[in-house]
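Here the structure is laid out as structure tokens; the discussion comes afterwards.
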Amino acid sequence: MGVLLYRRAPMPEDTSQNGKGLSLRDEQKRLTRRRLIEGALAAFERKGYAATTIDDIVAEANASRATFYLHFKSKADIVLVMAERLGRRWRELYLELTSSGRLSREQLRTWLDAMVDNYENNRTSLDALGQAIAIEPAVAEVNLVNNRESVEVMADSIVRWQGADREDARIRAALLLAQMDRFFHLWVIHGIPFDRERAVATLTDQWLMVLGAGTRARSRSRQ
């Protein structure tokens, strides 16, 4: 597959409304809100989250400050929309991974390869989110909630697959998810190049090692 190449990620869908069954006025509001989110992402990508102002966002969106404040209180509100959307999407992906029985190596490799695409497709949003977490307490709190929920979803499956005690499963889940997220940020978000096929294969091996047979033995030794 070669080294992963980067392209600008598509702008996120505004999931607060799906556009169906809306009046013309409400549809216009939805489209304006989406345009502001797209403008914010373009500004964040160009200047970084901290340096971006409301004026930058409305200029990118071809809107006014008054229009912005009809939809959002601050630029942090836009990142909160992104965080909530990404949190829902990530939980769906983790549930997809964990809904079946114990995974084969190929199933896990395929899922991790698809996760590379998800990080790539959401690169601009994830980069903005990472920057906002450092300076916006509300964004950091939402991200922490998302991470906690993801860890619990994974831990449930580790208990089911391996028979581990709950705390052992939670630790393993946190290690797996933190490792994957940090590696994908270095690779996909920040652009350190790696051969995709080899990177996914190595990550698959690491996950299988953490999910390995040692869990049962340690669990029994604590009883």
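The way I read the labels, and the way they are meant: chains A, B, ... in the order of the structure tokens, residue 1 as the first residue of every chain, and ligand 1 as the first ligand shown, with later ones counted on from there.
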From a DSSP calculation on the backbone, collect every residue of region 67-205 of chain A in alpha helix (DSSP H) and output the set as a PyMOL selection string. chain A and resi 67-71+75-98+105-121+123-133+137-162+166-184+196-205
Can those selected residues be exported to a file as an mmCIF file, in the first residue's frame so that it contains C-alpha atoms?
```cif
data_model
loop_
_atom_site.group_PDB
_atom_site.id
_atom_site.type_symbol
_atom_site.label_atom_id
_atom_site.label_comp_id
_atom_site.auth_asym_id
_atom_site.auth_seq_id
_atom_site.Cartn_x
_atom_site.Cartn_y
_atom_site.Cartn_z
ATOM 1 C CA THR A 67 -24.966 35.443 12.035
ATOM 2 C CA PHE A 68 -22.228 33.536 13.870
ATOM 3 C CA TYR A 69 -23.620 34.463 17.288
ATOM 4 C CA LEU A 70 -27.104 33.348 16.271
ATOM 5 C CA HIS A 71 -25.697 29.805 16.030
ATOM 6 C CA LYS A 75 -15.393 29.045 18.544
ATOM 7 C CA ALA A 76 -15.232 26.451 21.336
ATOM 8 C CA ASP A 77 -18.906 25.691 20.672
ATOM 9 C CA ILE A 78 -18.001 24.667 17.130
ATOM 10 C CA VAL A 79 -15.303 22.314 18.402
ATOM 11 C CA LEU A 80 -17.814 20.847 20.868
ATOM 12 C CA VAL A 81 -20.061 19.980 17.905
ATOM 13 C CA MET A 82 -17.088 18.244 16.301
ATOM 14 C CA ALA A 83 -16.176 16.421 19.520
ATOM 15 C CA GLU A 84 -19.702 15.133 20.044
ATOM 16 C CA ARG A 85 -19.984 14.007 16.419
ATOM 17 C CA LEU A 86 -16.616 12.266 16.490
ATOM 18 C CA GLY A 87 -17.424 10.676 19.843
ATOM 19 C CA ARG A 88 -20.607 9.149 18.413
ATOM 20 C CA ARG A 89 -18.760 7.918 15.342
ATOM 21 C CA TRP A 90 -15.909 6.373 17.357
ATOM 22 C CA ARG A 91 -18.337 4.564 19.686
ATOM 23 C CA GLU A 92 -20.113 3.139 16.638
ATOM 24 C CA LEU A 93 -16.785 1.847 15.346
ATOM 25 C CA TYR A 94 -15.826 0.311 18.694
ATOM 26 C CA LEU A 95 -19.225 -1.368 18.953
ATOM 27 C CA GLU A 96 -18.751 -2.691 15.425
ATOM 28 C CA LEU A 97 -15.394 -4.147 16.467
ATOM 29 C CA THR A 98 -16.654 -5.693 19.692
ATOM 30 C CA ARG A 105 -6.123 -11.466 13.180
ATOM 31 C CA GLU A 106 -7.587 -10.599 9.773
ATOM 32 C CA GLN A 107 -10.756 -9.105 11.272
ATOM 33 C CA LEU A 108 -8.695 -6.939 13.594
ATOM 34 C CA ARG A 109 -6.290 -5.901 10.824
ATOM 35 C CA THR A 110 -9.213 -4.905 8.580
ATOM 36 C CA TRP A 111 -10.801 -2.851 11.363
ATOM 37 C CA LEU A 112 -7.553 -1.039 12.206
ATOM 38 C CA ASP A 113 -6.957 -0.320 8.513
ATOM 39 C CA ALA A 114 -10.433 1.230 8.315
ATOM 40 C CA MET A 115 -9.602 3.320 11.398
ATOM 41 C CA VAL A 116 -6.682 4.820 9.481
ATOM 42 C CA ASP A 117 -9.218 6.019 6.901
ATOM 43 C CA ASN A 118 -11.421 7.459 9.650
ATOM 44 C CA TYR A 119 -8.523 9.460 11.083
ATOM 45 C CA GLU A 120 -7.526 10.614 7.615
ATOM 46 C CA ASN A 121 -11.080 11.649 6.698
ATOM 47 C CA ARG A 123 -7.873 14.942 10.083
ATOM 48 C CA THR A 124 -8.765 18.641 10.229
ATOM 49 C CA SER A 125 -11.430 18.119 12.908
ATOM 50 C CA LEU A 126 -9.133 15.933 15.022
ATOM 51 C CA ASP A 127 -6.271 18.408 14.757
ATOM 52 C CA ALA A 128 -8.538 21.285 15.844
ATOM 53 C CA LEU A 129 -9.956 19.175 18.655
ATOM 54 C CA GLY A 130 -6.488 18.324 19.929
ATOM 55 C CA GLN A 131 -5.494 21.974 19.999
ATOM 56 C CA ALA A 132 -8.745 23.053 21.674
ATOM 57 C CA ILE A 133 -8.444 20.419 24.419
ATOM 58 C CA PRO A 137 -11.954 23.109 29.644
ATOM 59 C CA ALA A 138 -15.400 22.325 28.212
ATOM 60 C CA VAL A 139 -13.857 20.645 25.166
ATOM 61 C CA ALA A 140 -11.408 18.716 27.356
ATOM 62 C CA GLU A 141 -14.298 17.462 29.499
ATOM 63 C CA VAL A 142 -16.319 16.227 26.519
ATOM 64 C CA ASN A 143 -13.236 14.497 25.135
ATOM 65 C CA LEU A 144 -12.623 12.817 28.500
ATOM 66 C CA VAL A 145 -16.223 11.571 28.596
ATOM 67 C CA ASN A 146 -15.824 10.189 25.058
ATOM 68 C CA ASN A 147 -12.616 8.407 26.065
ATOM 69 C CA ARG A 148 -14.180 6.926 29.187
ATOM 70 C CA GLU A 149 -17.112 5.559 27.214
ATOM 71 C CA SER A 150 -14.797 4.053 24.597
ATOM 72 C CA VAL A 151 -12.692 2.357 27.285
ATOM 73 C CA GLU A 152 -15.794 0.829 28.882
ATOM 74 C CA VAL A 153 -17.047 -0.502 25.519
ATOM 75 C CA MET A 154 -13.692 -2.151 24.850
ATOM 76 C CA ALA A 155 -13.418 -3.457 28.419
ATOM 77 C CA ASP A 156 -16.814 -5.144 28.145
ATOM 78 C CA SER A 157 -15.559 -7.108 25.161
ATOM 79 C CA ILE A 158 -12.235 -8.031 26.740
ATOM 80 C CA VAL A 159 -14.115 -9.465 29.727
ATOM 81 C CA ARG A 160 -16.374 -11.404 27.354
ATOM 82 C CA TRP A 161 -13.544 -12.658 25.118
ATOM 83 C CA GLN A 162 -10.865 -13.377 27.714
ATOM 84 C CA ARG A 166 -13.022 -5.911 35.136
ATOM 85 C CA GLU A 167 -10.099 -3.726 36.216
ATOM 86 C CA ASP A 168 -7.603 -5.736 34.173
ATOM 87 C CA ALA A 169 -9.900 -5.354 31.151
ATOM 88 C CA ARG A 170 -10.235 -1.591 31.678
ATOM 89 C CA ILE A 171 -6.456 -1.163 31.879
ATOM 90 C CA ARG A 172 -5.937 -3.210 28.720
ATOM 91 C CA ALA A 173 -8.649 -1.264 26.877
ATOM 92 C CA ALA A 174 -7.147 2.079 27.872
ATOM 93 C CA LEU A 175 -3.671 0.985 26.777
ATOM 94 C CA LEU A 176 -4.914 -0.213 23.388
ATOM 95 C CA LEU A 177 -6.972 2.871 22.623
ATOM 96 C CA ALA A 178 -4.338 5.338 23.852
ATOM 97 C CA GLN A 179 -1.641 3.600 21.821
ATOM 98 C CA MET A 180 -3.729 3.635 18.659
ATOM 99 C CA ASP A 181 -4.857 7.234 19.063
ATOM 100 C CA ARG A 182 -1.372 8.572 19.784
ATOM 101 C CA PHE A 183 0.180 6.649 16.910
ATOM 102 C CA PHE A 184 -2.492 7.796 14.447
ATOM 103 C CA ARG A 196 0.672 1.868 5.766
ATOM 104 C CA GLU A 197 0.654 -1.895 5.317
ATOM 105 C CA ARG A 198 3.523 -2.431 7.752
ATOM 106 C CA ALA A 199 2.166 0.069 10.274
ATOM 107 C CA VAL A 200 -1.258 -1.584 10.384
ATOM 108 C CA ALA A 201 0.294 -5.050 10.600
ATOM 109 C CA THR A 202 2.508 -4.007 13.530
ATOM 110 C CA LEU A 203 -0.401 -2.356 15.339
ATOM 111 C CA THR A 204 -2.472 -5.515 14.797
ATOM 112 C CA ASP A 205 0.284 -7.597 16.394
#
```
At a cut-off of 12 Å, using only C-alpha atoms, what residues contact Thr52 (chain A)? Leave out same-chain residues fewer than 2 positions from it and give the result as number ranges by chain. A: 39-50, 54-60, 74-76, 128, 131-132
Filtering to C-alpha atoms, could you give me those residues as a compact mmCIF listing (two decimals), in the first residue's frame?
```txt
# COMPACT_ATOMS: atom_id res chain seq x y z
CA GLY A 39 -15.49 28.07 7.69
CA ALA A 40 -14.18 27.36 11.16
CA LEU A 41 -12.41 24.21 10.02
CA ALA A 42 -10.81 26.06 7.12
CA ALA A 43 -9.61 28.79 9.50
CA PHE A 44 -8.38 26.28 12.08
CA GLU A 45 -6.41 24.46 9.40
CA ARG A 46 -4.90 27.69 8.10
CA LYS A 47 -4.09 29.47 11.39
CA GLY A 48 -4.46 26.90 14.17
CA TYR A 49 -7.22 26.86 16.76
CA ALA A 50 -5.72 29.30 19.27
CA ILE A 54 -14.48 34.85 15.04
CA ASP A 55 -13.66 37.31 12.26
CA ASP A 56 -11.53 34.64 10.57
CA ILE A 57 -14.39 32.15 10.77
CA VAL A 58 -17.05 34.46 9.36
CA ALA A 59 -14.70 35.56 6.59
CA GLU A 60 -14.17 31.94 5.55
CA SER A 74 -17.84 30.94 20.73
CA LYS A 75 -15.39 29.05 18.54
CA ALA A 76 -15.23 26.45 21.34
CA ALA A 128 -8.54 21.28 15.84
CA GLN A 131 -5.49 21.97 20.00
CA ALA A 132 -8.75 23.05 21.67
```
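Distance-wise, CA of Thr32 (chain A) and CA of Ala63 (chain A) end up 8.5 Å apart.
In this model, the gap between CA of Ala51 (chain A) and CA of Arg35 (chain A) comes to 20.0 Å.
With only C-alpha atoms as the atoms that count, the residue of A:Ala61, A:Leu186, A:Ile192, A:Met209 with the shortest distance to Arg33 (chain A) is A:Ala61.
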